[in-house]
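K.L.:
So I've got this file, input_31.tsv, and it contains TSV, C-alpha atoms and all ligand atoms:
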chain	number	residue	atom	x	y	z
D	150	MET	CA	-25.26	-31.32	-28.11
D	151	ALA	CA	-22.08	-29.45	-27.24
D	152	ALA	CA	-21.95	-28.07	-23.69
D	153	PRO	CA	-22.47	-24.28	-23.56
D	154	ARG	CA	-19.15	-22.49	-23.52
D	155	GLN	CA	-18.20	-20.96	-20.17
D	156	PRO	CA	-17.47	-17.23	-20.50
D	157	HIS	CA	-13.70	-16.74	-20.36
D	158	ARG	CA	-12.63	-14.91	-17.18
D	159	ARG	CA	-9.57	-12.79	-17.81
D	160	ALA	CA	-6.61	-13.12	-15.47
D	161	ASP	CA	-6.07	-10.32	-12.95
D	162	SER	CA	-2.83	-9.27	-14.64
D	163	THR	CA	-4.77	-8.79	-17.90
D	164	ALA	CA	-7.45	-6.87	-16.01
D	165	ALA	CA	-4.71	-4.66	-14.55
D	166	VAL	CA	-3.77	-3.61	-18.10
D	167	HIS	CA	-7.28	-3.09	-19.48
D	168	ALA	CA	-10.00	-2.96	-16.82
D	169	GLY	CA	-11.84	0.31	-16.38
D	170	ALA	CA	-10.36	1.94	-19.50
D	171	PRO	CA	-12.90	3.70	-21.76
D	172	ALA	CA	-13.72	2.05	-25.13
D	173	GLU	CA	-12.58	5.15	-27.03
D	174	ARG	CA	-10.40	8.13	-26.19
D	175	PRO	CA	-10.15	11.62	-27.66
D	176	HIS	CA	-7.98	11.66	-30.83
D	177	HIS	CA	-8.10	7.80	-30.87
D	178	ALA	CA	-5.17	7.84	-28.44
D	179	LEU	CA	-4.26	4.48	-26.91
D	180	ALA	CA	-2.93	5.96	-23.66
D	181	PRO	CA	-5.02	8.28	-21.46
D	182	GLY	CA	-4.44	12.03	-21.57
D	183	VAL	CA	-4.09	14.10	-18.41
D	184	ALA	CA	-6.93	16.56	-17.77
D	185	GLN	CA	-4.62	18.95	-15.90
D	186	THR	CA	-7.29	21.48	-15.06
D	187	ALA	CA	-8.66	22.93	-11.82
D	188	THR	CA	-12.11	23.70	-13.23
D	189	PHE	CA	-14.49	22.82	-16.09
D	190	THR	CA	-16.49	25.09	-18.38
D	191	PHE	CA	-20.12	25.39	-19.51
D	192	ARG	CA	-21.20	26.57	-22.97
D	193	ASP	CA	-24.12	28.68	-21.71
D	194	THR	CA	-26.52	28.83	-18.77
D	195	ALA	CA	-28.82	26.18	-20.35
D	196	ASP	CA	-25.81	23.81	-20.51
D	197	LEU	CA	-25.03	24.59	-16.85
D	198	GLU	CA	-28.65	24.06	-15.78
D	199	ARG	CA	-28.80	20.71	-17.58
D	200	TYR	CA	-25.64	19.62	-15.72
D	201	MET	CA	-26.94	20.86	-12.36
D	202	ARG	CA	-30.23	18.99	-12.84
D	203	GLY	CA	-28.21	15.80	-13.54
D	204	GLU	CA	-29.50	15.66	-17.12
D	205	ASP	CA	-26.17	15.92	-18.94
D	206	ALA	CA	-25.61	13.01	-21.35
D	207	ASP	CA	-22.02	12.61	-20.08
D	208	ALA	CA	-22.36	10.93	-16.66
D	209	ASP	CA	-18.69	11.59	-15.88
D	210	ARG	CA	-18.78	15.32	-16.72
D	211	GLU	CA	-17.24	17.40	-13.93
D	212	GLU	CA	-17.73	20.89	-12.54
D	213	TYR	CA	-14.73	21.67	-10.35
D	214	GLY	CA	-11.52	19.77	-9.59
D	215	ARG	CA	-12.22	19.20	-5.90
D	216	TYR	CA	-15.38	17.26	-6.81
D	217	GLY	CA	-13.90	15.23	-9.64
D	218	ASN	CA	-11.65	15.01	-12.67
D	219	PRO	CA	-11.77	12.61	-15.67
D	220	THR	CA	-8.17	11.39	-15.21
D	221	VAL	CA	-8.87	10.67	-11.54
D	222	ARG	CA	-12.21	9.10	-12.51
D	223	GLU	CA	-10.49	6.72	-14.92
D	224	LEU	CA	-8.16	5.56	-12.13
D	225	GLU	CA	-11.20	5.06	-9.88
D	226	HIS	CA	-12.92	2.93	-12.55
D	227	ARG	CA	-9.73	0.87	-12.94
D	228	VAL	CA	-9.31	0.19	-9.21
D	229	ALA	CA	-13.03	-0.60	-8.84
D	230	ALA	CA	-12.74	-3.15	-11.67
D	231	LEU	CA	-9.64	-4.75	-10.11
D	232	GLU	CA	-11.22	-5.02	-6.65
D	233	GLY	CA	-14.59	-6.21	-8.01
D	234	ALA	CA	-16.22	-3.08	-6.52
D	235	GLU	CA	-19.11	-0.95	-7.74
D	236	ASP	CA	-17.11	2.24	-7.32
D	237	ALA	CA	-13.91	3.77	-5.93
D	238	ALA	CA	-12.64	7.18	-4.80
D	239	ALA	CA	-9.02	8.33	-5.13
D	240	PHE	CA	-7.13	10.57	-2.70
D	241	ALA	CA	-3.92	12.57	-2.35
D	242	SER	CA	-2.42	9.85	-0.08
D	243	GLY	CA	-3.30	6.58	1.59
D	244	MET	CA	-3.89	8.43	4.86
D	245	ALA	CA	-6.30	10.88	3.16
D	246	ALA	CA	-8.24	7.82	1.95
D	247	VAL	CA	-8.29	6.16	5.40
D	248	THR	CA	-9.19	9.29	7.39
D	249	THR	CA	-11.84	10.60	4.97
D	250	THR	CA	-13.49	7.16	4.80
D	251	ALA	CA	-13.52	6.76	8.59
D	252	LEU	CA	-14.92	10.28	9.06
D	253	ALA	CA	-17.66	9.54	6.53
D	254	LEU	CA	-18.81	6.53	8.55
D	255	VAL	CA	-18.72	7.63	12.21
D	256	LYS	CA	-20.09	10.42	14.42
D	257	ALA	CA	-19.80	11.42	18.09
D	258	GLY	CA	-20.95	8.62	20.41
D	259	ASP	CA	-20.01	5.87	17.94
D	260	HIS	CA	-17.45	3.17	18.64
D	261	VAL	CA	-14.64	1.87	16.38
D	262	VAL	CA	-12.75	-1.42	16.65
D	263	LEU	CA	-9.28	-1.65	15.17
D	264	PHE	CA	-6.54	-4.25	15.21
D	265	GLU	CA	-3.40	-3.48	17.23
D	266	ASP	CA	-1.12	-3.94	14.22
D	267	CYS	CA	-2.91	-1.50	11.90
D	268	TYR	CA	-0.65	1.12	10.28
D	269	ARG	CA	0.56	3.37	13.11
D	270	ARG	CA	-0.83	6.60	11.61
D	271	THR	CA	-4.25	4.93	11.26
D	272	ARG	CA	-4.03	3.97	14.94
D	273	GLN	CA	-2.92	7.50	15.83
D	274	PHE	CA	-5.87	8.95	13.90
D	275	VAL	CA	-8.38	6.77	15.76
D	276	ARG	CA	-6.77	7.06	19.20
D	277	GLN	CA	-5.84	10.75	19.19
D	278	HIS	CA	-8.08	12.45	16.68
D	279	LEU	CA	-11.37	10.55	16.43
D	280	ALA	CA	-11.28	10.50	20.26
D	281	ARG	CA	-11.30	14.34	20.24
D	282	PHE	CA	-14.64	14.19	18.44
D	283	GLY	CA	-16.24	11.78	20.91
D	284	VAL	CA	-15.65	8.54	18.99
D	285	GLU	CA	-14.57	5.69	21.28
D	286	HIS	CA	-12.41	2.76	20.23
D	287	THR	CA	-11.19	-0.69	21.25
D	288	LEU	CA	-7.92	-2.24	20.09
D	289	VAL	CA	-7.88	-6.01	19.51
D	290	PRO	CA	-4.86	-8.31	19.04
D	291	PRO	CA	-3.64	-9.09	15.49
D	292	GLY	CA	-6.01	-11.34	13.53
D	293	ASP	CA	-8.03	-12.25	16.66
D	294	THR	CA	-11.66	-12.47	15.49
D	295	THR	CA	-12.79	-13.86	18.89
D	296	ALA	CA	-11.49	-10.71	20.59
D	297	LEU	CA	-13.16	-8.71	17.82
D	298	ALA	CA	-16.54	-10.35	18.53
D	299	ALA	CA	-16.13	-9.54	22.23
D	300	ALA	CA	-15.19	-5.91	21.47
D	301	LEU	CA	-18.25	-5.14	19.33
D	302	ARG	CA	-20.85	-2.88	21.00
D	303	PRO	CA	-24.31	-1.74	19.91
D	304	SER	CA	-22.66	1.59	19.06
D	305	THR	CA	-19.85	0.06	16.91
D	306	ARG	CA	-20.05	1.55	13.43
D	307	LEU	CA	-16.61	0.76	12.00
D	308	VAL	CA	-14.15	-2.14	12.16
D	309	LEU	CA	-10.73	-1.35	10.78
D	310	ALA	CA	-8.38	-4.18	9.82
D	311	GLU	CA	-5.28	-4.68	7.73
D	312	THR	CA	-3.89	-7.84	6.13
D	313	PRO	CA	-1.02	-8.71	5.88
D	314	THR	CA	0.23	-6.22	8.48
D	315	ASN	CA	3.43	-4.31	8.98
D	316	PRO	CA	6.08	-5.43	9.94
D	317	TYR	CA	5.24	-9.00	11.05
D	318	LEU	CA	2.83	-9.76	8.19
D	319	TYR	CA	0.03	-11.17	10.36
D	320	CYS	CA	-3.07	-12.06	8.36
D	321	THR	CA	-6.72	-11.86	9.36
D	322	ASP	CA	-9.36	-14.32	8.18
D	323	LEU	CA	-11.53	-11.77	6.37
D	324	GLU	CA	-14.42	-14.18	5.78
D	325	GLU	CA	-14.63	-14.80	9.51
D	326	LEU	CA	-14.20	-11.09	10.26
D	327	SER	CA	-17.06	-10.18	7.87
D	328	ARG	CA	-19.29	-12.91	9.33
D	329	VAL	CA	-18.66	-11.76	12.92
D	330	VAL	CA	-19.30	-8.10	12.12
D	331	ARG	CA	-22.42	-8.79	9.97
D	332	ALA	CA	-23.92	-10.97	12.71
D	333	HIS	CA	-23.48	-8.07	15.11
D	334	GLY	CA	-25.45	-5.53	13.13
D	335	ARG	CA	-24.66	-2.10	11.84
D	336	ALA	CA	-20.85	-1.79	11.74
D	337	ARG	CA	-19.02	-1.48	8.41
D	338	THR	CA	-15.74	-3.25	7.74
D	339	LEU	CA	-12.83	-1.32	6.20
D	340	VAL	CA	-9.75	-3.35	5.26
D	341	ASP	CA	-6.39	-1.83	4.38
D	342	SER	CA	-5.14	-4.20	1.66
D	343	THR	CA	-2.03	-2.21	0.74
D	344	PHE	CA	0.36	-5.12	1.44
D	345	ALA	CA	-1.79	-7.67	-0.40
D	346	THR	CA	-2.80	-5.78	-3.59
D	347	PRO	CA	-5.80	-6.96	-5.67
D	348	ILE	CA	-3.45	-9.48	-7.32
D	349	ASN	CA	-2.95	-11.44	-4.08
D	350	LEU	CA	-6.27	-10.80	-2.31
D	351	ARG	CA	-9.73	-9.39	-3.06
D	352	PRO	CA	-11.25	-8.49	0.32
D	353	LEU	CA	-14.66	-7.52	-1.10
D	354	GLU	CA	-15.13	-11.10	-2.37
D	355	LEU	CA	-14.68	-12.24	1.24
D	356	GLY	CA	-17.55	-10.06	2.45
D	357	VAL	CA	-15.71	-6.91	3.53
D	358	ASP	CA	-17.56	-3.60	2.91
D	359	LEU	CA	-14.71	-1.32	1.87
D	360	VAL	CA	-11.10	-1.89	0.81
D	361	VAL	CA	-8.48	0.86	1.05
D	362	HIS	CA	-4.97	1.12	-0.39
D	363	SER	CA	-2.00	3.35	0.00
D	364	ALA	CA	-1.60	3.54	-3.80
D	365	THR	CA	1.80	5.07	-3.03
D	366	LYS	CA	2.97	1.45	-2.71
D	367	TYR	CA	2.21	-1.41	-5.14
D	368	LEU	CA	-0.63	0.17	-7.16
D	369	SER	CA	1.54	3.00	-8.52
D	370	GLY	CA	4.65	0.87	-8.02
D	371	HIS	CA	7.46	3.30	-8.88
D	372	ASN	CA	8.12	5.17	-5.62
D	373	ASP	CA	7.36	8.46	-7.38
D	374	VAL	CA	3.85	9.42	-6.29
D	375	LEU	CA	1.69	9.64	-3.13
D	376	ALA	CA	-1.89	8.41	-3.58
D	377	GLY	CA	-4.70	6.52	-1.89
D	378	VAL	CA	-7.90	4.83	-3.00
D	379	VAL	CA	-10.96	3.26	-1.39
D	380	ALA	CA	-13.34	0.88	-3.19
D	381	GLY	CA	-16.72	-0.67	-2.34
D	382	ALA	CA	-20.46	-0.38	-2.82
D	383	GLN	CA	-21.62	2.72	-4.63
D	384	HIS	CA	-23.75	4.14	-1.77
D	385	LEU	CA	-20.75	4.01	0.60
D	386	ILE	CA	-18.26	5.45	-1.91
D	387	SER	CA	-20.74	8.21	-2.63
D	388	LEU	CA	-20.69	9.23	1.07
D	389	VAL	CA	-16.88	9.16	1.02
D	390	ARG	CA	-16.68	11.15	-2.23
D	391	ASP	CA	-19.03	13.84	-0.88
D	392	LEU	CA	-16.83	14.26	2.21
D	393	ARG	CA	-13.69	14.31	0.03
D	394	GLY	CA	-15.21	17.32	-1.76
D	395	VAL	CA	-15.47	19.09	1.64
D	396	LEU	CA	-12.18	18.01	3.26
D	397	GLY	CA	-10.31	18.44	-0.03
D	398	GLY	CA	-7.83	15.53	-0.03
D	399	VAL	CA	-8.27	14.96	-3.78
D	400	LEU	CA	-5.67	13.33	-5.99
D	401	ASP	CA	-3.96	15.57	-8.52
D	402	PRO	CA	-4.70	14.56	-12.16
D	403	HIS	CA	-1.03	14.03	-13.02
D	404	ALA	CA	-0.57	11.80	-9.97
D	405	ALA	CA	-3.72	9.89	-11.05
D	406	PHE	CA	-2.17	9.38	-14.50
D	407	LEU	CA	1.00	7.99	-12.88
D	408	VAL	CA	-0.98	5.56	-10.69
D	409	SER	CA	-3.04	4.41	-13.72
D	410	ARG	CA	0.16	3.84	-15.67
D	411	GLY	CA	1.67	1.93	-12.77
D	412	LEU	CA	-1.45	-0.24	-12.49
D	413	LYS	CA	-0.90	-1.63	-15.99
D	414	THR	CA	2.16	-3.52	-14.77
D	415	LEU	CA	0.73	-4.45	-11.36
D	416	GLY	CA	0.26	-8.11	-12.32
D	417	VAL	CA	3.81	-8.66	-13.55
D	418	ARG	CA	5.40	-6.65	-10.78
D	419	VAL	CA	3.53	-8.38	-7.97
D	420	ALA	CA	4.14	-11.85	-9.46
D	421	ARG	CA	7.85	-11.07	-9.53
D	422	GLN	CA	7.82	-9.59	-6.00
D	423	ASN	CA	5.90	-12.61	-4.65
D	424	GLU	CA	8.55	-14.90	-6.15
D	425	ALA	CA	11.55	-12.90	-4.91
D	426	ALA	CA	10.24	-12.38	-1.38
D	427	LEU	CA	9.42	-16.08	-0.99
D	428	ALA	CA	12.90	-16.99	-2.23
D	429	VAL	CA	14.53	-14.59	0.27
D	430	ALA	CA	12.30	-15.87	3.10
D	431	ARG	CA	13.21	-19.49	2.34
D	432	ALA	CA	16.93	-18.68	2.05
D	433	LEU	CA	16.94	-16.84	5.39
D	434	GLU	CA	15.01	-19.46	7.32
D	435	GLY	CA	17.64	-21.64	8.96
D	436	HIS	CA	20.49	-19.22	8.01
D	437	PRO	CA	22.97	-19.13	10.94
D	438	ALA	CA	22.95	-15.29	11.09
D	439	ILE	CA	19.15	-15.11	11.34
D	440	GLU	CA	17.11	-15.60	14.49
D	441	ARG	CA	13.64	-15.59	12.93
D	442	VAL	CA	11.94	-14.92	9.59
D	443	PHE	CA	8.39	-13.60	9.08
D	444	TYR	CA	6.71	-14.32	5.73
D	445	PRO	CA	3.03	-15.36	5.59
D	446	LEU	CA	3.59	-18.32	3.27
D	447	LEU	CA	6.31	-19.89	5.45
D	448	GLU	CA	4.93	-22.73	7.56
D	449	SER	CA	6.63	-21.21	10.60
D	450	HIS	CA	4.53	-18.01	10.34
D	451	PRO	CA	1.68	-17.75	12.90
D	452	SER	CA	-0.75	-16.76	10.08
D	453	HIS	CA	0.36	-19.51	7.68
D	454	ALA	CA	-3.02	-21.31	7.69
D	455	VAL	CA	-5.07	-18.18	6.93
D	456	ALA	CA	-2.47	-16.88	4.48
D	457	SER	CA	-2.20	-20.08	2.46
D	458	ARG	CA	-6.00	-20.34	2.30
D	459	THR	CA	-6.71	-16.75	1.26
D	460	LEU	CA	-3.63	-15.19	-0.35
D	461	ARG	CA	-2.67	-15.92	-3.96
D	462	GLY	CA	0.87	-14.72	-3.19
D	463	GLY	CA	2.71	-13.72	-0.03
D	464	GLY	CA	3.60	-10.20	-1.23
D	465	GLY	CA	6.91	-8.41	-1.55
D	466	VAL	CA	7.81	-7.79	2.11
D	467	VAL	CA	9.93	-10.12	4.27
D	468	SER	CA	10.78	-9.28	7.87
D	469	PHE	CA	13.55	-10.96	9.86
D	470	ILE	CA	15.49	-10.66	13.09
D	471	VAL	CA	19.27	-10.66	12.75
D	472	ARG	CA	21.28	-12.46	15.44
D	473	GLY	CA	23.48	-10.13	17.50
D	474	GLY	CA	21.00	-7.35	18.32
D	475	ARG	CA	20.51	-3.78	17.12
D	476	ALA	CA	24.14	-3.15	16.06
D	477	ALA	CA	24.38	-6.37	14.04
D	478	ALA	CA	21.12	-5.48	12.26
D	479	SER	CA	22.47	-2.00	11.45
D	480	ARG	CA	25.67	-3.57	10.09
D	481	PHE	CA	23.53	-5.76	7.82
D	482	VAL	CA	21.58	-2.73	6.51
D	483	ASP	CA	24.81	-0.79	5.90
D	484	ALA	CA	26.30	-3.73	4.00
D	485	CYS	CA	23.39	-3.92	1.51
D	486	ARG	CA	24.38	-2.62	-1.91
D	487	LEU	CA	21.25	-3.19	-4.02
D	488	ALA	CA	18.69	-2.54	-1.27
D	489	THR	CA	18.45	1.15	-0.34
D	490	ILE	CA	17.53	2.49	3.12
D	491	ALA	CA	14.09	4.11	2.83
D	492	PRO	CA	10.61	3.80	4.30
D	493	SER	CA	7.90	2.53	1.93
D	494	LEU	CA	7.47	-0.65	-0.09
D	495	GLY	CA	5.85	-1.98	-3.23
D	496	GLY	CA	7.92	-0.04	-5.76
D	497	VAL	CA	10.35	-1.31	-8.38
D	498	GLU	CA	13.40	-0.65	-6.17
D	499	THR	CA	14.30	-2.99	-3.29
D	500	LEU	CA	14.17	-1.02	0.00
D	501	VAL	CA	15.42	-1.99	3.44
D	502	GLU	CA	14.76	-0.54	6.88
D	503	GLN	CA	15.37	-1.28	10.52
D	504	PRO	CA	12.01	-0.30	12.11
D	505	SER	CA	13.63	0.53	15.51
D	506	LEU	CA	15.65	3.24	13.73
D	507	MET	CA	12.85	4.54	11.53
D	508	SER	CA	9.12	4.25	12.36
D	509	PHE	CA	9.87	3.59	16.07
D	510	PHE	CA	13.02	5.71	16.55
D	511	GLU	CA	11.64	7.70	19.51
D	512	LEU	CA	10.85	4.57	21.56
D	513	SER	CA	13.11	3.26	24.35
D	514	GLU	CA	14.20	-0.43	24.45
D	515	GLU	CA	11.45	-1.06	27.05
D	516	GLU	CA	8.79	0.62	24.91
D	517	LEU	CA	9.94	-1.31	21.83
D	518	SER	CA	9.71	-4.54	23.77
D	519	ALA	CA	6.20	-3.62	25.03
D	520	ILE	CA	4.89	-3.29	21.46
D	521	GLY	CA	6.85	-6.30	20.21
D	522	ILE	CA	9.37	-4.54	17.96
D	523	ASP	CA	12.76	-6.26	18.18
D	524	PRO	CA	15.65	-3.74	17.81
D	525	ALA	CA	17.30	-6.22	15.41
D	526	LEU	CA	14.24	-6.50	13.19
D	527	ILE	CA	14.75	-5.77	9.48
D	528	ARG	CA	12.01	-5.13	6.92
D	529	LEU	CA	13.02	-5.88	3.35
D	530	ALA	CA	10.61	-4.72	0.63
D	531	VAL	CA	11.72	-6.35	-2.60
D	532	GLY	CA	11.56	-4.55	-5.93
D	533	VAL	CA	11.48	-6.05	-9.41
D	534	GLU	CA	15.22	-6.64	-9.82
D	535	GLU	CA	16.28	-10.23	-10.66
D	536	THR	CA	15.54	-12.51	-7.72
D	537	SER	CA	19.10	-13.87	-7.88
D	538	ASP	CA	20.53	-10.33	-7.48
D	539	ILE	CA	18.28	-9.53	-4.51
D	540	LEU	CA	19.22	-12.83	-2.87
D	541	ALA	CA	22.92	-12.31	-3.54
D	542	ASP	CA	22.77	-8.83	-1.97
D	543	VAL	CA	21.02	-10.08	1.18
D	544	LEU	CA	23.27	-13.13	1.64
D	545	ARG	CA	26.45	-11.14	1.04
D	546	ALA	CA	25.35	-8.43	3.51
D	547	LEU	CA	24.72	-11.12	6.13
D	548	GLU	CA	28.33	-12.28	5.84
Y	601	LIG	C1	-0.53	-0.30	5.27
Y	601	LIG	C2	-0.47	1.18	5.05
Y	601	LIG	N1	-1.61	1.87	5.00
Y	601	LIG	C3	-1.61	3.21	4.80
Y	601	LIG	C4	-0.42	3.90	4.64
Y	601	LIG	C5	-0.47	5.37	4.43
Y	601	LIG	O1	-0.29	5.65	3.06
Y	601	LIG	P1	0.35	7.00	2.51
Y	601	LIG	O2	1.77	7.04	2.93
Y	601	LIG	O3	0.13	6.87	1.02
Y	601	LIG	O4	-0.45	8.11	3.10
Y	601	LIG	C6	0.79	3.22	4.68
Y	601	LIG	C7	2.06	3.94	4.53
Y	601	LIG	O5	3.13	3.43	4.76
Y	601	LIG	C8	0.76	1.81	4.89
Y	601	LIG	O6	1.90	1.09	4.94
So, in terms of structure tokens, how does the structure I just supplied come out?
Ligand SMILES: Cc1ncc(COP(=O)(O)O)c(C=O)c1O

P.N.:
Amino acid sequence: MAAPRQPHRRADSTAAVHAGAPAERPHHALAPGVAQTATFTFRDTADLERYMRGEDADADREEYGRYGNPTVRELEHRVAALEGAEDAAAFASGMAAVTTTALALVKAGDHVVLFEDCYRRTRQFVRQHLARFGVEHTLVPPGDTTALAAALRPSTRLVLAETPTNPYLYCTDLEELSRVVRAHGRARTLVDSTFATPINLRPLELGVDLVVHSATKYLSGHNDVLAGVVAGAQHLISLVRDLRGVLGGVLDPHAAFLVSRGLKTLGVRVARQNEAALAVARALEGHPAIERVFYPLLESHPSHAVASRTLRGGGGVVSFIVRGGRAAASRFVDACRLATIAPSLGGVETLVEQPSLMSFFELSEEELSAIGIDPALIRLAVGVEETSDILADVLRALE
């Protein structure tokens, strides 16, 4: 007897094109329309009452734009499918997603653990703003799950991590992180997977509770929209969505359309960016003008073991320290022709920045040194241009 056929599992890049799209659209359109509306109508009071009682046949029918919108809902279905989540909620920015999710999970008297290399605005939110509402926190060193275990308290309700991180691309063993936090009890894990994307990493499969993205970066992919999204179990997303309806950081329908359109090419873009960034990292390692290169898939990277075990690609960001200090690094940036100076990453254009002149401009040399930011550090976020052109630009600028 022939062996039963295994169901075919579609590749993630195919899922990025199709997952979460409805079987049929109005007017038999292939592409989604944009429901650019602030509010939704009811035929008569009986229709309204049916909706309010939750008896409407259309489960995705909406009432008012702050509570939901079909174009935003389609994006949420698509991201949930890509992350292997039950549900997702989209926001006006990555920070709206992070802050609304954190606020949905903690209250005064609770404790939060976060890694020292989390995105600096996330750290600022926890340290400055959650603290104002009586939420305590502990910072733990990058990727250090032993320090995490020691930091957990009976009152810990949230553990915030990021992988790979900015700008040194440290990676955390998410399986270990989930195991440590679950063994402890009631805390939820929230992982910012912006740098990884669902093409390179699926945190929920490793036991994490919630995954968040700045969709401004790879998910939308064209440097033309701000957006954020969080995905996870339905009962958690439901809490987050309810708070979003109060705080109001909803994603505009047109922005949701742009992110959904960007998602269709996520697989091809990230594959290309993985390839180009790895090629740049390899070319720079051992280059006489370079002191050190950081890329998670290089053997010299401190997170190489975790990265090569868990990441399907190293992502599109390479960081490196130029020999000769701050001025030499600035000369390199100024000599780039293809790479443009701008914050952000994950879009189709290659961007370059010197963190000491951008995110950390206000810090003195001593303060930079205290937080481990070298003044000659460069962060290159590759786009989807030909790898040979990106490489040529970098190598020529180094000359
Ligand atoms: C890792 C990470 N998380 C969150 C954010 C915040 O996202 P947004 O700028 O969309 O608010 C950023 C922005 O740079 C980021 O790099």

K.L.:
Of the candidates D:Cys320, D:Val501, D:Met244, D:Val329, which one gets nearest to ligand LIG 601 (chain Y) if we count all atoms listed in the file?

P.N.:
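Using all atoms listed in the file, the shortest distance to ligand LIG 601 (chain Y) belongs to D:Met244.
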
K.L.:
Quick one: residues within 9 Å of ligand LIG 601 (chain Y), with all atoms listed in the file, as number ranges by chain?

P.N.:
D: 240-247, 267-271, 311-315, 341-344, 361-366, 374-377, 492-494

K.L.:
For the residues in the current selection, export C-alpha atoms as an mmCIF file, keeping the file's coordinate frame.

P.N.:
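Writing the result to part.cif gives the following:
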data_model
loop_
_atom_site.group_PDB
_atom_site.id
_atom_site.type_symbol
_atom_site.label_atom_id
_atom_site.label_comp_id
_atom_site.auth_asym_id
_atom_site.auth_seq_id
_atom_site.Cartn_x
_atom_site.Cartn_y
_atom_site.Cartn_z
ATOM 1 C CA PHE D 240 -7.130 10.570 -2.700
ATOM 2 C CA ALA D 241 -3.920 12.570 -2.350
ATOM 3 C CA SER D 242 -2.420 9.850 -0.080
ATOM 4 C CA GLY D 243 -3.300 6.580 1.590
ATOM 5 C CA MET D 244 -3.890 8.430 4.860
ATOM 6 C CA ALA D 245 -6.300 10.880 3.160
ATOM 7 C CA ALA D 246 -8.240 7.820 1.950
ATOM 8 C CA VAL D 247 -8.290 6.160 5.400
ATOM 9 C CA CYS D 267 -2.910 -1.500 11.900
ATOM 10 C CA TYR D 268 -0.650 1.120 10.280
ATOM 11 C CA ARG D 269 0.560 3.370 13.110
ATOM 12 C CA ARG D 270 -0.830 6.600 11.610
ATOM 13 C CA THR D 271 -4.250 4.930 11.260
ATOM 14 C CA GLU D 311 -5.280 -4.680 7.730
ATOM 15 C CA THR D 312 -3.890 -7.840 6.130
ATOM 16 C CA PRO D 313 -1.020 -8.710 5.880
ATOM 17 C CA THR D 314 0.230 -6.220 8.480
ATOM 18 C CA ASN D 315 3.430 -4.310 8.980
ATOM 19 C CA ASP D 341 -6.390 -1.830 4.380
ATOM 20 C CA SER D 342 -5.140 -4.200 1.660
ATOM 21 C CA THR D 343 -2.030 -2.210 0.740
ATOM 22 C CA PHE D 344 0.360 -5.120 1.440
ATOM 23 C CA VAL D 361 -8.480 0.860 1.050
ATOM 24 C CA HIS D 362 -4.970 1.120 -0.390
ATOM 25 C CA SER D 363 -2.000 3.350 0.000
ATOM 26 C CA ALA D 364 -1.600 3.540 -3.800
ATOM 27 C CA THR D 365 1.800 5.070 -3.030
ATOM 28 C CA LYS D 366 2.970 1.450 -2.710
ATOM 29 C CA VAL D 374 3.850 9.420 -6.290
ATOM 30 C CA LEU D 375 1.690 9.640 -3.130
ATOM 31 C CA ALA D 376 -1.890 8.410 -3.580
ATOM 32 C CA GLY D 377 -4.700 6.520 -1.890
ATOM 33 C CA PRO D 492 10.610 3.800 4.300
ATOM 34 C CA SER D 493 7.900 2.530 1.930
ATOM 35 C CA LEU D 494 7.470 -0.650 -0.090
#

K.L.:
Taking only C-alpha atoms into account, name the residue in D:Arg486, D:Lys413, D:Arg431, D:Lys256 that is nearest to D:Ser468.

P.N.:
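Answer, going by the shortest atom-to-atom distance: D:Arg431.
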
K.L.:
Which residues are near D:Thr338? Cut-off 7 Å, all atoms listed in the file, ignore same chain within fewer than 4 positions. Put them as JSON, numbers by chain.

P.N.:
{"D": [307, 308, 309, 357, 358, 359]}

K.L.:
Looking at only C-alpha atoms, which of D:Ile386, D:Leu544, D:Ala438, D:Leu392 is the one that sits closest to D:Thr249?

P.N.:
D:Leu392

K.L.:
Would you fill the gaps in stretch 242-249 of chain D so it has N, CA and C atoms, then print it as a tab-separated table (two decimals), keeping the file's coordinate frame?

P.N.:
chain	number	residue	atom	x	y	z
D	242	SER	N	-3.33	10.78	-0.76
D	242	SER	CA	-2.42	9.85	-0.08
D	242	SER	C	-3.26	8.72	0.51
D	243	GLY	N	-2.59	7.67	0.93
D	243	GLY	CA	-3.30	6.58	1.59
D	243	GLY	C	-3.98	7.07	2.85
D	244	MET	N	-3.29	7.94	3.61
D	244	MET	CA	-3.89	8.43	4.86
D	244	MET	C	-5.11	9.31	4.60
D	245	ALA	N	-5.10	10.08	3.49
D	245	ALA	CA	-6.30	10.88	3.16
D	245	ALA	C	-7.46	9.93	2.88
D	246	ALA	N	-7.18	8.80	2.24
D	246	ALA	CA	-8.24	7.82	1.95
D	246	ALA	C	-8.78	7.21	3.25
D	247	VAL	N	-7.87	6.81	4.14
D	247	VAL	CA	-8.29	6.16	5.40
D	247	VAL	C	-9.09	7.15	6.27
D	248	THR	N	-8.55	8.35	6.44
D	248	THR	CA	-9.19	9.29	7.39
D	248	THR	C	-10.53	9.80	6.83
D	249	THR	N	-10.57	10.09	5.54
D	249	THR	CA	-11.84	10.60	4.97
D	249	THR	C	-12.91	9.51	5.05
